[in-house]
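Heads up, entry.cif below (mmCIF, C-alpha atoms and all ligand atoms):
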```cif
data_model
#
loop_
_atom_site.label_atom_id
_atom_site.label_comp_id
_atom_site.auth_asym_id
_atom_site.auth_seq_id
_atom_site.Cartn_x
_atom_site.Cartn_y
_atom_site.Cartn_z
CA MET A 1 15.93 17.80 -3.09
CA SER A 2 16.19 18.89 -6.70
CA GLU A 3 12.93 20.00 -8.33
CA ARG A 4 13.81 17.64 -11.21
CA ASN A 5 13.13 14.61 -9.02
CA LEU A 6 9.92 15.90 -7.41
CA ARG A 7 6.65 14.23 -8.44
CA HIS A 8 3.30 15.99 -8.33
CA TYR A 9 0.10 13.97 -8.18
CA ARG A 10 -3.57 14.64 -7.57
CA SER A 11 -3.93 11.64 -5.25
CA VAL A 12 -1.75 9.00 -3.69
CA PHE A 13 -3.01 5.71 -2.25
CA ILE A 14 -0.76 3.72 0.07
CA SER A 15 -1.59 0.80 2.31
CA ASP A 16 -0.07 -2.10 4.21
CA VAL A 17 2.92 -0.17 5.52
CA HIS A 18 2.99 -2.29 8.73
CA LEU A 19 4.89 0.17 10.94
CA GLY A 20 5.99 -1.70 14.07
CA TYR A 21 6.73 -4.84 12.10
CA ARG A 22 10.25 -5.90 11.20
CA GLY A 23 9.37 -6.47 7.55
CA CYS A 24 8.25 -2.86 7.00
CA ASN A 25 10.37 -1.05 4.43
CA ALA A 26 10.10 2.39 6.06
CA GLN A 27 13.18 3.80 4.32
CA MET A 28 11.69 3.18 0.89
CA LEU A 29 8.43 4.86 1.96
CA ILE A 30 10.32 7.85 3.39
CA ASP A 31 12.07 8.18 0.03
CA PHE A 32 8.69 8.11 -1.73
CA LEU A 33 7.13 10.71 0.60
CA ARG A 34 10.17 12.98 0.21
CA HIS A 35 9.92 12.94 -3.57
CA THR A 36 6.16 13.40 -3.78
CA ARG A 37 3.67 16.24 -3.50
CA THR A 38 -0.03 15.39 -3.61
CA LYS A 39 -3.41 17.05 -3.07
CA ASN A 40 -5.01 13.94 -1.56
CA LEU A 41 -3.26 11.23 0.41
CA TYR A 42 -5.23 8.10 1.20
CA LEU A 43 -3.82 5.76 3.85
CA VAL A 44 -5.69 2.59 2.94
CA GLY A 45 -5.16 0.56 6.11
CA ASP A 46 -2.58 -1.56 7.95
CA ILE A 47 -0.44 1.54 8.35
CA ILE A 48 0.52 0.55 11.90
CA ASP A 49 0.75 -3.17 12.64
CA MET A 50 -0.84 -3.36 16.11
CA ILE A 51 -1.01 -7.17 15.89
CA SER A 52 2.75 -7.44 15.41
CA LEU A 53 3.46 -4.75 18.03
CA LYS A 54 1.48 -6.67 20.64
CA ARG A 55 3.40 -9.85 19.85
CA SER A 56 6.79 -8.20 20.02
CA PHE A 57 7.49 -4.51 20.41
CA TYR A 58 9.58 -3.11 17.58
CA TRP A 59 9.70 0.61 16.81
CA PRO A 60 12.83 2.05 15.18
CA GLN A 61 13.31 5.78 14.55
CA ASP A 62 12.39 5.35 10.86
CA HIS A 63 8.88 4.32 11.82
CA SER A 64 8.37 7.50 13.86
CA ASN A 65 9.74 9.46 10.90
CA VAL A 66 7.07 7.99 8.60
CA ILE A 67 4.30 9.13 10.96
CA ARG A 68 5.90 12.54 11.33
CA MET A 69 6.09 12.93 7.54
CA LEU A 70 2.45 11.86 7.08
CA LEU A 71 1.25 14.35 9.70
CA GLY A 72 3.58 16.98 8.22
CA LYS A 73 1.85 16.60 4.86
CA ALA A 74 -1.54 17.13 6.53
CA LYS A 75 -0.17 20.21 8.25
CA HIS A 76 1.04 21.65 4.95
CA GLY A 77 -2.25 21.36 3.10
CA THR A 78 -2.51 17.77 1.89
CA ARG A 79 -5.90 16.24 2.56
CA VAL A 80 -5.09 13.00 4.40
CA VAL A 81 -7.79 10.33 4.63
CA TYR A 82 -6.97 7.44 6.92
CA VAL A 83 -8.99 4.25 6.31
CA PRO A 84 -7.85 1.78 9.04
CA GLY A 85 -7.36 -1.88 8.15
CA ASN A 86 -7.45 -5.11 10.13
CA HIS A 87 -3.96 -4.68 11.63
CA ASP A 88 -4.84 -1.18 12.88
CA HIS A 89 -8.58 -1.77 13.45
CA GLN A 90 -8.29 -0.06 16.86
CA PHE A 91 -8.43 3.23 14.96
CA ARG A 92 -11.79 2.31 13.45
CA GLU A 93 -13.26 3.46 16.75
CA TYR A 94 -12.43 7.00 15.61
CA CYS A 95 -14.03 6.78 12.17
CA GLY A 96 -15.86 9.99 11.35
CA LEU A 97 -13.38 12.17 13.27
CA LYS A 98 -11.63 15.04 11.53
CA PHE A 99 -8.62 16.98 12.81
CA GLY A 100 -7.68 19.76 10.39
CA ASN A 101 -6.72 18.10 7.12
CA LEU A 102 -6.77 14.59 8.57
CA GLU A 103 -9.93 12.52 8.59
CA ILE A 104 -10.52 8.92 9.67
CA ARG A 105 -13.03 6.90 7.67
CA ARG A 106 -14.17 3.26 7.70
CA ARG A 107 -14.44 3.43 3.89
CA CYS A 108 -15.04 6.32 1.56
CA ARG A 109 -15.66 7.46 -1.99
CA HIS A 110 -13.05 9.10 -4.15
CA LEU A 111 -14.11 11.27 -7.08
CA ALA A 112 -11.30 11.25 -9.64
CA ALA A 113 -10.47 14.18 -11.94
CA ASP A 114 -11.99 12.31 -14.91
CA GLY A 115 -15.33 11.95 -13.12
CA ARG A 116 -14.87 8.29 -12.20
CA LYS A 117 -16.05 7.33 -8.72
CA TYR A 118 -14.14 4.85 -6.62
CA LEU A 119 -14.82 3.01 -3.40
CA VAL A 120 -11.78 3.22 -1.09
CA THR A 121 -11.55 0.49 1.53
CA HIS A 122 -8.78 -1.61 3.09
CA GLY A 123 -10.18 -4.90 1.80
CA ASP A 124 -10.33 -7.22 4.83
CA ASP A 125 -14.14 -7.15 4.46
CA TYR A 126 -13.69 -9.31 1.37
CA ASP A 127 -11.94 -12.06 3.34
CA GLY A 128 -15.39 -13.34 4.33
CA ASN A 129 -15.75 -14.63 0.80
CA VAL A 130 -12.45 -16.43 1.14
CA ARG A 131 -12.83 -18.40 4.35
CA PHE A 132 -10.01 -20.50 5.74
CA SER A 133 -10.15 -22.92 8.66
CA LEU A 134 -8.12 -21.97 11.75
CA PRO A 135 -5.44 -24.70 11.31
CA LEU A 136 -4.95 -23.61 7.71
CA LYS A 137 -4.64 -19.99 8.85
CA LEU A 138 -1.97 -21.01 11.38
CA VAL A 139 -0.05 -22.97 8.77
CA GLY A 140 -0.30 -19.95 6.50
CA PHE A 141 0.90 -17.61 9.22
CA VAL A 142 3.90 -19.75 10.18
CA ALA A 143 4.80 -20.28 6.53
CA TYR A 144 4.41 -16.57 5.80
CA SER A 145 6.58 -15.52 8.75
CA GLY A 146 9.24 -18.00 7.59
CA ILE A 147 9.06 -16.70 4.03
CA MET A 148 9.33 -13.10 5.17
CA PHE A 149 12.35 -14.00 7.32
CA MET A 150 14.02 -15.64 4.34
CA ASN A 151 13.01 -12.71 2.15
CA ARG A 152 14.79 -10.26 4.45
CA ALA A 153 17.90 -12.47 4.51
CA ILE A 154 17.97 -12.79 0.71
CA CYS A 155 17.41 -9.06 0.24
CA ALA A 156 20.18 -8.20 2.67
CA VAL A 157 22.58 -10.40 0.69
CA ARG A 158 21.37 -9.06 -2.67
CA ASN A 159 21.65 -5.52 -1.35
CA ARG A 160 25.25 -6.09 -0.26
CA MET A 161 26.02 -7.51 -3.69
CA GLY A 162 24.44 -4.46 -5.31
CA TYR A 163 21.33 -6.17 -6.74
CA ASP A 164 17.84 -4.68 -6.78
CA TYR A 165 15.14 -5.49 -4.25
CA TRP A 166 13.42 -8.79 -5.04
CA SER A 167 10.48 -10.40 -3.22
CA LEU A 168 10.51 -14.11 -2.43
CA ALA A 169 6.96 -13.96 -1.07
CA THR A 170 5.67 -12.38 -4.28
CA PHE A 171 7.58 -14.95 -6.31
CA LEU A 172 6.06 -17.86 -4.33
CA LYS A 173 2.57 -16.34 -4.43
CA GLU A 174 2.79 -16.10 -8.21
CA LYS A 175 3.68 -19.78 -8.37
CA SER A 176 0.97 -21.17 -6.08
CA SER A 177 -2.39 -21.95 -7.68
CA SER A 178 -4.41 -21.83 -4.44
CA ALA A 179 -3.00 -18.36 -3.74
CA LEU A 180 -4.03 -17.31 -7.23
CA LYS A 181 -7.54 -18.62 -6.62
CA TYR A 182 -7.68 -16.61 -3.39
CA VAL A 183 -6.62 -13.45 -5.21
CA GLU A 184 -9.23 -14.07 -7.90
CA ARG A 185 -12.07 -14.44 -5.36
CA PHE A 186 -10.88 -11.40 -3.42
CA ARG A 187 -10.80 -9.32 -6.59
CA GLU A 188 -14.32 -10.45 -7.55
CA ALA A 189 -15.73 -9.69 -4.08
CA ALA A 190 -14.19 -6.20 -4.16
CA ALA A 191 -15.44 -5.41 -7.66
CA HIS A 192 -18.90 -6.73 -6.73
CA ASP A 193 -19.00 -4.36 -3.75
CA ALA A 194 -18.14 -1.35 -5.91
CA ARG A 195 -20.81 -2.36 -8.42
CA GLU A 196 -23.43 -2.59 -5.63
CA TYR A 197 -22.68 1.04 -4.76
CA GLY A 198 -22.98 2.03 -8.43
CA LEU A 199 -19.32 3.06 -8.56
CA ASP A 200 -16.77 2.73 -11.36
CA GLY A 201 -14.14 0.93 -9.34
CA VAL A 202 -12.63 -0.11 -6.04
CA ILE A 203 -9.30 0.91 -4.52
CA CYS A 204 -7.98 -1.38 -1.80
CA GLY A 205 -4.94 -3.15 -0.38
CA HIS A 206 -4.78 -5.93 2.22
CA ILE A 207 -3.51 -8.85 0.11
CA HIS A 208 -0.09 -7.31 -0.67
CA ARG A 209 -0.52 -7.71 -4.38
CA ALA A 210 -0.45 -4.54 -6.43
CA GLU A 211 -2.65 -4.71 -9.48
CA VAL A 212 -4.81 -2.61 -11.79
CA THR A 213 -7.33 -4.66 -13.70
CA ASP A 214 -10.89 -4.79 -14.94
CA VAL A 215 -13.50 -7.17 -13.49
CA ASP A 216 -16.59 -7.22 -15.76
CA GLY A 217 -16.51 -3.48 -16.37
CA VAL A 218 -15.55 -2.50 -12.80
CA ARG A 219 -11.99 -1.34 -12.16
CA TYR A 220 -10.06 -3.16 -9.47
CA LEU A 221 -7.05 -1.22 -8.15
CA ASN A 222 -4.88 -2.71 -5.45
CA ASP A 223 -2.16 -0.35 -4.21
CA GLY A 224 0.06 -3.21 -2.92
CA ASP A 225 2.23 -2.80 0.19
CA TRP A 226 5.49 -1.55 1.74
CA VAL A 227 6.62 -4.91 3.09
CA GLU A 228 7.36 -6.85 -0.07
CA SER A 229 6.84 -4.84 -3.25
CA CYS A 230 6.93 -1.18 -2.07
CA SER A 231 4.20 -0.18 -4.48
CA VAL A 232 1.85 2.78 -4.57
CA LEU A 233 -1.16 3.84 -6.60
CA VAL A 234 -1.16 7.42 -7.89
CA GLU A 235 -3.78 9.54 -9.61
CA HIS A 236 -2.45 12.02 -12.16
CA HIS A 237 -4.06 15.44 -12.58
CA ASP A 238 -6.22 14.16 -15.46
CA GLY A 239 -7.61 11.28 -13.37
CA ARG A 240 -5.37 8.62 -14.89
CA MET A 241 -4.44 5.98 -12.34
CA GLU A 242 -0.97 4.46 -12.29
CA LEU A 243 0.71 1.84 -10.18
CA LEU A 244 4.32 2.58 -9.25
CA ASN A 245 6.91 0.15 -7.99
CA TRP A 246 9.06 2.51 -5.93
CA PRO A 247 12.33 0.49 -5.89
CA GLN A 248 12.17 0.53 -9.71
CA GLU A 249 11.64 4.31 -9.67
CA VAL A 250 14.60 4.71 -7.31
CA ASN A 251 16.82 2.62 -9.59
CA ALA A 252 15.72 4.65 -12.62
CA ARG A 253 16.50 7.88 -10.74
CA LYS A 254 19.98 6.64 -9.81
CA VAL A 255 20.66 5.84 -13.47
CA GLY A 256 19.35 9.30 -14.42
CA GLU A 257 21.55 11.00 -11.83
CA ALA A 258 24.60 9.13 -13.06
CA LEU A 259 24.03 10.42 -16.59
CA PRO A 260 25.30 13.90 -17.49
CA LYS A 261 22.54 16.54 -17.41
CA ALA A 262 21.03 17.33 -20.82
CA ALA A 263 22.16 20.75 -22.06
MN MN B 301 -4.80 -6.10 5.96
#
```

Take the structure in the file and write it out as structure tokens.
Amino acid sequence: MSERNLRHYRSVFISDVHLGYRGCNAQMLIDFLRHTRTKNLYLVGDIIDMISLKRSFYWPQDHSNVIRMLLGKAKHGTRVVYVPGNHDHQFREYCGLKFGNLEIRRRCRHLAADGRKYLVTHGDDYDGNVRFSLPLKLVGFVAYSGIMFMNRAICAVRNRMGYDYWSLATFLKEKSSSALKYVERFREAAAHDAREYGLDGVICGHIHRAEVTDVDGVRYLNDGDWVESCSVLVEHHDGRMELLNWPQEVNARKVGEALPKAA
């Protein structure tokens, strides 16, 4: 690993990794973890997909490697805060526990370097505001599984042809107006929650849609996921928050490596 490619951040927020699920892009996350050093690492839920694991067991070596790297960071001084989500809610039983640099929290506050205070939570609590009937949920689930299957097939083909990663699910979500309405209500519920606590913003995941925006003076930061977009939210040393799309960063790095080094 050349020092030139190493990124240093104050905080990193990742969620919706879905280890144990076929759609998880563990290799991309391993690449991110390898190229990153951070003081704080927030795991904002749905890190392990217990729901998918129960349905069909799937656990390749890469998925163990992700866990090993996360624990390795804790061992080497990174403060790791694990905020379980709805797919790994079993770990919520252990909220409040602390082992060395690793702590498990139901939700927590993050004080940024610029003094801004954020609520950090997975986000499934805000689903209550966006209720769906069971049949609709089932339709959604079947459709989503189908889309993700197609997405993997398309990406495999694109990959072989040398194209960049592209998400069909994200593309379809952008096109559907009911999905947009859902995202809007989710965003409002999250921002409302942060406002109730008197905080400056909310950092969450859950809906697999990376976004940094402002909702009536409250910041809404969604760190995205590692199934479709492979996105991550980072805090720079001055408190500035930035959303990164890791496949884009990887492509930029490859271009940089191909260029002759500046004298
Ligand atoms: Mn979730």

Self-check item: Residue contacts of stretch 22-37 of chain A (8 Å, all atoms listed in the file) excluding same-chain residues fewer than 3 positions away, as JSON, numbers by chain
Solution: {"A": [1, 5, 6, 7, 8, 9, 17, 18, 19, 58, 62, 63, 65, 66, 69, 148, 152, 226, 227, 228, 230, 246, 247]}

Find the nearest atom pair between each residue of chain A and ligand MN 301 (chain B) for residues within 6 Å, count only C-alpha atoms and all ligand atoms, give distances in Å to one decimal, sort rows by chain and ascending number, and present the table as a tab-separated table.
```
residue	atom	partner	partner_atom	distance
A:Asp46	CA	B:MN301	MN	5.4
A:Gly85	CA	B:MN301	MN	5.4
A:Asn86	CA	B:MN301	MN	5.0
A:His87	CA	B:MN301	MN	5.9
A:Asp124	CA	B:MN301	MN	5.8
A:His206	CA	B:MN301	MN	3.7
```

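Distance-wise, atom CA of A:His237 and atom CA of A:Arg79 end up 15.3 Å apart.
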
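Minimum distance to A:Ser52 across A:Ala179, A:Gly20, A:Lys73, A:Asp223 (counting all atoms listed in the file) occurs at A:Gly20.
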
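Our summary of the geometry notes that atom CA of A:Leu97 is positioned 27.3 Å from atom CA of A:Gly239.
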
Quiz item: Do you know which residues are at most 12 Å from A:Gln90 counting only C-alpha atoms, after dropping those on the same chain fewer than 6 positions away, and could you put them as JSON, numbers by chain?
Solution: {"A": [45, 46, 47, 48, 49, 50, 51, 83, 84, 104, 106]}

Quiz item: Using all atoms listed in the file, can you list as a PyMOL selection string the residues within 8 Å of (-0.6, 1.9, -2.0)?
Solution: chain A and resi 12-16+43-44+205+210+222-226+231-233

Could you dump the residues just selected with C-alpha atoms as an mmCIF file, keeping the file's coordinate frame?
```cif
data_model
loop_
_atom_site.group_PDB
_atom_site.id
_atom_site.type_symbol
_atom_site.label_atom_id
_atom_site.label_comp_id
_atom_site.auth_asym_id
_atom_site.auth_seq_id
_atom_site.Cartn_x
_atom_site.Cartn_y
_atom_site.Cartn_z
ATOM 1 C CA VAL A 12 -1.750 9.000 -3.690
ATOM 2 C CA PHE A 13 -3.010 5.710 -2.250
ATOM 3 C CA ILE A 14 -0.760 3.720 0.070
ATOM 4 C CA SER A 15 -1.590 0.800 2.310
ATOM 5 C CA ASP A 16 -0.070 -2.100 4.210
ATOM 6 C CA LEU A 43 -3.820 5.760 3.850
ATOM 7 C CA VAL A 44 -5.690 2.590 2.940
ATOM 8 C CA GLY A 205 -4.940 -3.150 -0.380
ATOM 9 C CA ALA A 210 -0.450 -4.540 -6.430
ATOM 10 C CA ASN A 222 -4.880 -2.710 -5.450
ATOM 11 C CA ASP A 223 -2.160 -0.350 -4.210
ATOM 12 C CA GLY A 224 0.060 -3.210 -2.920
ATOM 13 C CA ASP A 225 2.230 -2.800 0.190
ATOM 14 C CA TRP A 226 5.490 -1.550 1.740
ATOM 15 C CA SER A 231 4.200 -0.180 -4.480
ATOM 16 C CA VAL A 232 1.850 2.780 -4.570
ATOM 17 C CA LEU A 233 -1.160 3.840 -6.600
#
```

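What separates atom CA of A:Cys204 from atom CA of A:Gly72 is a distance of 23.9 Å.
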